[in-house]
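upload_1.csv follows (CSV, C-alpha atoms):
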chain,number,residue,atom,x,y,z
W,1016,MET,CA,82.7,-20.0,-27.1
W,1017,PRO,CA,84.5,-19.4,-30.4
W,1018,GLU,CA,85.5,-15.8,-31.2
W,1019,GLU,CA,83.4,-15.9,-34.4
W,1020,ALA,CA,80.3,-16.8,-32.4
W,1021,ILE,CA,80.9,-13.9,-30.0
W,1022,ILE,CA,81.2,-11.5,-32.9
W,1023,SER,CA,78.1,-12.8,-34.5
W,1024,HIS,CA,76.0,-11.7,-31.5
W,1025,GLN,CA,77.4,-8.2,-31.5
W,1026,PRO,CA,75.2,-5.5,-33.1
W,1027,ARG,CA,76.4,-4.4,-36.5
W,1028,HIS,CA,74.8,-1.0,-35.9
W,1029,ARG,CA,74.2,0.5,-32.4
W,1030,LEU,CA,70.7,1.5,-31.5
W,1031,THR,CA,71.5,5.2,-31.6
W,1032,THR,CA,72.9,4.8,-35.1
W,1033,ARG,CA,69.8,2.9,-36.3
W,1034,VAL,CA,67.3,5.3,-34.8
W,1035,TRP,CA,69.3,8.3,-36.2
W,1036,HIS,CA,69.6,6.6,-39.6
W,1037,TRP,CA,65.8,6.3,-40.2
W,1038,ILE,CA,64.9,9.6,-38.6
W,1039,ASN,CA,67.6,11.3,-40.8
W,1040,ALA,CA,66.4,9.5,-43.9
W,1041,LEU,CA,62.8,10.8,-43.3
W,1042,CYS,CA,64.0,14.3,-42.5
W,1043,LEU,CA,66.3,14.5,-45.6
W,1044,LEU,CA,63.5,13.3,-47.9
W,1045,VAL,CA,61.0,15.8,-46.6
W,1046,LEU,CA,63.6,18.6,-46.6
W,1047,LEU,CA,64.6,17.8,-50.2
W,1048,MET,CA,61.1,17.8,-51.5
W,1049,SER,CA,59.9,20.8,-49.6
W,1050,GLY,CA,63.2,22.6,-50.6
W,1051,LEU,CA,62.3,22.0,-54.2
W,1052,THR,CA,59.0,23.7,-53.6
W,1053,ILE,CA,60.8,26.7,-52.1
W,1054,PHE,CA,63.2,26.7,-55.1
W,1055,ASN,CA,60.2,26.7,-57.5
W,1056,ALA,CA,59.3,30.2,-56.1
W,1057,HIS,CA,62.5,31.6,-57.8
W,1058,SER,CA,64.4,29.0,-59.8
W,1059,ARG,CA,67.6,30.9,-60.2
W,1060,LEU,CA,70.9,30.8,-58.2
W,1061,TYR,CA,73.3,33.7,-57.7
W,1062,TRP,CA,76.5,34.6,-56.0
W,1063,GLY,CA,76.8,37.5,-53.6
W,1064,GLU,CA,74.3,39.2,-51.3
W,1065,TYR,CA,71.5,40.0,-53.8
W,1066,GLY,CA,69.8,38.4,-56.7
W,1067,ALA,CA,66.7,39.2,-58.8
W,1068,ASN,CA,65.3,38.5,-62.3
W,1069,ASP,CA,67.5,41.2,-63.9
W,1070,ASP,CA,70.7,39.9,-62.2
W,1071,TYR,CA,72.9,37.3,-63.8
W,1072,ALA,CA,72.3,33.8,-62.4
W,1073,TRP,CA,74.9,31.1,-62.6
W,1074,MET,CA,72.2,28.5,-62.7
W,1075,ALA,CA,68.6,28.8,-63.8
W,1076,VAL,CA,65.7,26.5,-64.6
W,1077,GLY,CA,63.2,28.2,-67.0
W,1078,SER,CA,60.8,27.7,-69.8
W,1079,SER,CA,59.1,29.2,-72.8
W,1080,ASP,CA,55.6,28.2,-74.0
W,1081,ARG,CA,56.8,24.8,-75.2
W,1082,ILE,CA,60.3,24.3,-74.0
W,1083,GLY,CA,61.8,23.8,-70.6
W,1084,TYR,CA,65.6,24.3,-70.0
W,1085,LEU,CA,68.4,24.1,-67.5
W,1086,ARG,CA,71.1,26.8,-67.9
W,1087,LEU,CA,74.5,26.5,-66.2
W,1088,GLY,CA,76.6,29.5,-66.9
W,1089,GLU,CA,76.4,29.9,-70.7
W,1090,MET,CA,75.5,26.2,-71.3
W,1091,ARG,CA,71.8,25.5,-71.9
W,1092,VAL,CA,70.2,22.1,-71.9
W,1093,GLU,CA,66.6,21.4,-73.0
W,1094,THR,CA,64.6,19.6,-70.2
W,1095,THR,CA,61.1,19.6,-71.6
W,1096,GLY,CA,58.9,17.1,-69.9
W,1097,PHE,CA,61.1,17.0,-66.8
W,1098,LEU,CA,62.2,20.5,-65.6
W,1099,GLY,CA,60.7,23.8,-66.4
W,1100,ASN,CA,58.0,22.6,-68.7
W,1101,TRP,CA,56.1,19.4,-67.9
W,1102,GLN,CA,52.6,18.0,-67.7
W,1103,ASP,CA,50.7,17.3,-64.4
W,1104,SER,CA,48.5,14.2,-63.8
W,1105,GLU,CA,45.6,16.0,-65.6
W,1106,GLY,CA,47.6,16.7,-68.7
W,1107,ARG,CA,48.0,20.4,-68.1
W,1108,THR,CA,51.3,22.0,-68.9
W,1109,GLN,CA,53.1,23.5,-65.8
W,1110,LYS,CA,56.1,25.7,-65.8
W,1111,TRP,CA,57.4,25.3,-62.3
W,1112,ALA,CA,61.1,24.3,-62.2
W,1113,PHE,CA,60.5,20.9,-60.5
W,1114,PRO,CA,57.4,18.7,-61.2
W,1115,GLY,CA,54.8,18.1,-58.5
W,1116,TRP,CA,55.7,14.5,-57.9
W,1117,ALA,CA,59.1,15.7,-56.6
W,1118,THR,CA,57.8,18.4,-54.2
W,1119,ILE,CA,56.0,18.8,-50.9
W,1120,PRO,CA,53.2,19.8,-51.3
W,1121,SER,CA,52.6,18.4,-54.8
W,1122,HIS,CA,50.9,21.7,-55.7
W,1123,TYR,CA,52.7,25.0,-55.7
W,1124,SER,CA,52.5,26.6,-52.2
W,1125,LEU,CA,55.6,28.5,-51.0
W,1126,ALA,CA,54.0,29.0,-47.5
W,1127,ASP,CA,53.3,25.3,-47.1
W,1128,GLY,CA,56.7,24.3,-48.4
W,1129,ARG,CA,58.4,26.6,-45.9
W,1130,ARG,CA,56.4,25.1,-43.0
W,1131,TRP,CA,57.4,21.6,-44.0
W,1132,HIS,CA,61.0,22.6,-44.5
W,1133,PHE,CA,61.5,24.5,-41.2
W,1134,PHE,CA,59.7,21.9,-39.1
W,1135,PHE,CA,61.8,19.0,-40.3
W,1136,ALA,CA,64.9,21.2,-40.3
W,1137,TRP,CA,64.7,21.5,-36.5
W,1138,ILE,CA,64.2,17.7,-36.1
W,1139,PHE,CA,67.1,17.1,-38.4
W,1140,SER,CA,69.4,19.6,-36.7
W,1141,LEU,CA,68.6,18.3,-33.2
W,1142,GLY,CA,69.0,14.7,-34.3
W,1143,LEU,CA,72.4,15.4,-35.9
W,1144,ALA,CA,73.7,17.2,-32.7
W,1145,LEU,CA,72.5,14.3,-30.5
W,1146,PHE,CA,74.0,11.7,-32.8
W,1147,MET,CA,77.4,13.5,-32.8
W,1148,ILE,CA,77.4,13.7,-29.0
W,1149,ARG,CA,76.4,10.1,-28.6
W,1150,SER,CA,79.0,8.9,-31.1
W,1151,LEU,CA,81.7,10.7,-29.2
W,1152,TRP,CA,80.5,9.3,-25.9
W,1153,ASN,CA,80.3,5.6,-27.1
W,1154,ARG,CA,83.5,6.0,-29.2
W,1155,HIS,CA,81.7,5.1,-32.4
W,1156,ILE,CA,83.7,7.8,-34.2
W,1157,GLN,CA,87.0,6.8,-32.7
W,1158,LYS,CA,86.5,3.1,-33.2
W,1159,ASP,CA,84.8,3.0,-36.6
W,1160,LEU,CA,85.6,6.2,-38.5
W,1161,HIS,CA,89.1,7.1,-37.3
W,1162,MET,CA,91.6,7.1,-40.2
W,1163,ARG,CA,94.8,5.3,-39.3
W,1164,GLY,CA,98.1,6.6,-40.5
W,1165,GLU,CA,98.5,4.1,-43.4
W,1166,GLU,CA,95.0,4.7,-44.6
W,1167,TRP,CA,96.0,8.2,-45.7
W,1168,ARG,CA,98.4,6.9,-48.2
W,1169,PRO,CA,97.3,7.6,-51.8
W,1170,SER,CA,98.0,4.0,-52.8
W,1171,HIS,CA,95.8,2.7,-50.0
W,1172,ILE,CA,93.0,5.1,-50.9
W,1173,TRP,CA,93.3,4.1,-54.6
W,1174,ARG,CA,93.2,0.4,-53.8
W,1175,SER,CA,90.1,0.9,-51.7
W,1176,PHE,CA,88.5,2.9,-54.5
W,1177,ARG,CA,89.2,0.2,-57.1
W,1178,ASP,CA,87.7,-2.4,-54.8
W,1179,HIS,CA,84.5,-0.4,-54.8
W,1180,THR,CA,84.2,-1.0,-58.5
W,1181,LYS,CA,84.2,-4.8,-58.1
W,1182,ILE,CA,80.9,-6.5,-57.2
W,1183,PRO,CA,82.5,-9.4,-55.2
W,1184,ALA,CA,84.5,-6.9,-53.1
W,1185,ILE,CA,81.3,-4.8,-52.5
W,1186,ARG,CA,79.4,-7.9,-51.3
W,1187,GLN,CA,82.2,-8.9,-48.9
W,1188,SER,CA,82.5,-5.4,-47.5
W,1189,SER,CA,79.1,-5.8,-45.6
W,1190,ASP,CA,80.8,-8.2,-43.2
W,1191,LYS,CA,83.9,-6.2,-42.6
W,1192,PRO,CA,84.9,-3.0,-40.8
W,1193,TYR,CA,84.6,0.3,-42.7
W,1194,ASN,CA,87.2,0.6,-45.4
W,1195,VAL,CA,88.9,3.9,-46.2
W,1196,ILE,CA,86.4,5.0,-48.9
W,1197,GLN,CA,83.5,4.3,-46.5
W,1198,LYS,CA,85.2,6.2,-43.7
W,1199,LEU,CA,85.9,9.2,-45.9
W,1200,SER,CA,82.4,9.2,-47.3
W,1201,TYR,CA,80.7,9.1,-43.9
W,1202,ILE,CA,83.1,11.6,-42.4
W,1203,GLY,CA,82.4,13.9,-45.3
W,1204,VAL,CA,78.6,13.6,-45.0
W,1205,ILE,CA,78.3,13.7,-41.2
W,1206,PHE,CA,80.9,16.3,-40.4
W,1207,ILE,CA,80.9,18.5,-43.6
W,1208,LEU,CA,77.9,18.2,-45.8
W,1209,LEU,CA,75.1,17.9,-43.1
W,1210,PRO,CA,76.5,20.7,-40.9
W,1211,LEU,CA,77.0,22.8,-44.1
W,1212,MET,CA,73.3,22.4,-44.9
W,1213,ILE,CA,72.4,23.7,-41.4
W,1214,TRP,CA,74.7,26.7,-41.5
W,1215,THR,CA,73.8,27.8,-45.0
W,1216,GLY,CA,70.1,27.4,-44.1
W,1217,LEU,CA,70.6,29.6,-41.1
W,1218,ALA,CA,72.6,32.1,-43.2
W,1219,MET,CA,69.5,32.5,-45.5
W,1220,SER,CA,67.2,33.4,-42.6
W,1221,PRO,CA,66.5,37.1,-42.3
W,1222,ALA,CA,66.2,36.8,-38.6
W,1223,MET,CA,69.5,35.1,-38.3
W,1224,ASP,CA,71.1,37.5,-40.7
W,1225,ALA,CA,69.9,40.4,-38.5
W,1226,ASN,CA,71.3,38.8,-35.3
W,1227,TRP,CA,74.3,36.9,-36.6
W,1228,PRO,CA,75.4,38.8,-39.8
W,1229,PHE,CA,78.8,37.0,-39.7
W,1230,LEU,CA,76.9,33.9,-41.1
W,1231,THR,CA,76.1,35.5,-44.4
W,1232,GLU,CA,79.5,37.2,-44.5
W,1233,LEU,CA,81.1,33.8,-44.0
W,1234,PHE,CA,79.5,32.5,-47.2
W,1235,GLY,CA,79.8,35.8,-49.1
W,1236,GLY,CA,76.2,36.8,-49.0
W,1237,ARG,CA,72.7,35.3,-48.7
W,1238,GLN,CA,72.5,34.4,-52.3
W,1239,SER,CA,75.9,32.6,-52.1
W,1240,ALA,CA,74.6,30.7,-49.1
W,1241,ARG,CA,71.5,29.7,-51.1
W,1242,SER,CA,73.8,28.4,-53.9
W,1243,VAL,CA,76.0,26.5,-51.5
W,1244,HIS,CA,72.8,25.1,-49.9
W,1245,PHE,CA,71.5,23.9,-53.2
W,1246,PHE,CA,74.8,22.4,-54.3
W,1247,THR,CA,75.3,20.6,-51.0
W,1248,ALA,CA,71.8,19.1,-51.4
W,1249,PHE,CA,72.8,17.8,-54.8
W,1250,LEU,CA,75.9,16.1,-53.3
W,1251,LEU,CA,73.7,14.5,-50.6
W,1252,VAL,CA,71.4,13.1,-53.3
W,1253,LEU,CA,74.4,11.8,-55.2
W,1254,PHE,CA,75.7,10.1,-52.0
W,1255,PHE,CA,72.2,8.6,-51.4
W,1256,LEU,CA,72.1,7.1,-54.9
W,1257,ILE,CA,75.6,5.6,-54.5
W,1258,HIS,CA,74.8,4.4,-51.0
W,1259,MET,CA,71.6,2.6,-52.3
W,1260,SER,CA,73.5,1.1,-55.2
W,1261,MET,CA,76.0,-0.4,-52.8
W,1262,VAL,CA,73.2,-1.7,-50.6
W,1263,LEU,CA,71.4,-3.4,-53.5
W,1264,ILE,CA,74.6,-5.0,-54.7
W,1265,SER,CA,75.7,-6.2,-51.2
W,1266,ARG,CA,72.9,-8.4,-49.9
W,1267,PRO,CA,70.1,-5.8,-49.6
W,1268,PHE,CA,67.8,-7.8,-47.3
W,1269,ARG,CA,70.5,-8.5,-44.9
W,1270,GLN,CA,71.7,-4.9,-44.9
W,1271,ILE,CA,68.3,-3.5,-44.3
W,1272,MET,CA,67.5,-5.9,-41.5
W,1273,ALA,CA,70.9,-5.0,-39.9
W,1274,MET,CA,69.9,-1.4,-39.9
W,1275,ILE,CA,66.5,-2.3,-38.4
W,1276,THR,CA,67.4,-5.0,-35.8
W,1277,GLY,CA,71.2,-4.4,-35.5
W,1278,LYS,CA,71.9,-8.1,-36.0
W,1279,GLN,CA,74.9,-9.1,-38.2
W,1280,GLY,CA,77.1,-12.0,-39.1
W,1281,LYS,CA,80.8,-11.7,-38.7
W,1282,GLY,CA,82.2,-8.2,-38.6
W,1283,ALA,CA,82.9,-5.2,-36.5
W,1284,SER,CA,80.3,-3.4,-34.5
W,1285,ARG,CA,79.4,0.0,-35.9
Now that the file is in, can you turn its structure into structure tokens?
Amino acid sequence: MPEEAIISHQPRHRLTTRVWHWINALCLLVLLMSGLTIFNAHSRLYWGEYGANDDYAWMAVGSSDRIGYLRLGEMRVETTGFLGNWQDSEGRTQKWAFPGWATIPSHYSLADGRRWHFFFAWIFSLGLALFMIRSLWNRHIQKDLHMRGEEWRPSHIWRSFRDHTKIPAIRQSSDKPYNVIQKLSYIGVIFILLPLMIWTGLAMSPAMDANWPFLTELFGGRQSARSVHFFTAFLLVLFFLIHMSMVLISRPFRQIMAMITGKQGKGASR
């Protein structure tokens, strides 16, 4: 049998990768939306151990009677109709930081938001741990994400980045092994951003702070951990938007089916 035919029957994504991908997608969506509910309870971010209304916040979403705004340091941007001051489905003006369509639950309830957040946080953490163990066991990380020596060269990284700005190259990449930009992106998300979300989440917990105070000290205080948690969530949303853009450009139906069934055309197993 020709080598191409053998490769075509290999799964593009292993079963563990596919299962984790969809569970992770659901968990991150719920965690993001319930996290915005929690943020609505106090829509300000600080550095250090403490933070309250009278303390300086490096980021804040607020509103007056008619204007919503986002403040970053000393820079203030009006966000009326989207953040801080918006209308609900019944035409009533609301002053939560994030609108109801972006939160779980859609009405303001800090208690319910925390329940959703903590429940899916445990599923997400367990899934990430099992995925890492399985990926080491089946050598997915060593085979597909390992950076070879020449791939660390700035010229190689720059060439791969330029290819990611060309639609034909993006479409062809779906049938090829991970390139250096994909490797760096997935390594950064799986081994840096996702664990950072877990550790900063634990650092904000009063119970964990009482038993493992080194966690909050590691981030410079509970409010610093909250700021890092929020900023990391923003980076994950940015990664998701770029990821979905690449999928839409490079044969979306084929890509989605590959993540559901594992089937592929030519290319390396992942």
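Atom CA of Pro1183 of chain W is found 21.1 Å from atom CA of Leu1199 of chain W.
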Query raised in the report: Nearest to Thr1180 of chain W among W:Gln1238, W:Thr1108, W:Thr1231, W:Ser1260, with distances taken over all atoms listed in the file: which residue is it?
Result: W:Ser1260
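For the residues W:Trp1137, W:Trp1173, W:Phe1054, W:Trp1062, ranking by smallest atom-to-atom distance to Leu1125 of chain W using only C-alpha atoms places W:Phe1054 first.
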Query - Between atom CA of Val1243 of chain W and atom CA of Met1219 of chain W - distance in Å to one decimal - result: 10.7 Å
Query raised in the report: Please, what distance in Å, to one decimal, runs between atom CA of Glu1165 of chain W and atom CA of Ile1196 of chain W?
Result: 13.3 Å
Requested in this report: Find the residues around Glu1232 of chain W up to 12 Å (all atoms listed in the file counted), leave out those fewer than 4 positions away in its own chain, and share them as a list in words.
Outcome: Gly1063, Glu1064, Trp1214, Thr1215, Ala1218, Met1219, Met1223, Asp1224, Ala1225, Trp1227, Pro1228, Gly1236, Arg1237, Gln1238, Ser1239 and Ala1240 of chain W
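Distance check against Arg1033 of chain W using all atoms listed in the file: of W:Gly1142, W:Ala1136, W:Phe1255, W:Leu1098, the minimum falls on W:Gly1142.
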Query - Within 12 Å of Ala1067 of chain W using all atoms listed in the file, minus same-chain residues under 4 positions, as an MDAnalysis selection string - result: chainID W and resid 1056:1063 1071:1072 1075 1238
Requested in this report: Using only C-alpha atoms, determine which residues lie at most 10 Å from Leu1044 of chain W, disregarding the query and same-chain residues fewer than 5 positions distant; provide the list as a list in words.
Outcome: Asn1039, Ser1049, Gly1050, Thr1118, Ile1119, Phe1135 and Val1252 of chain W
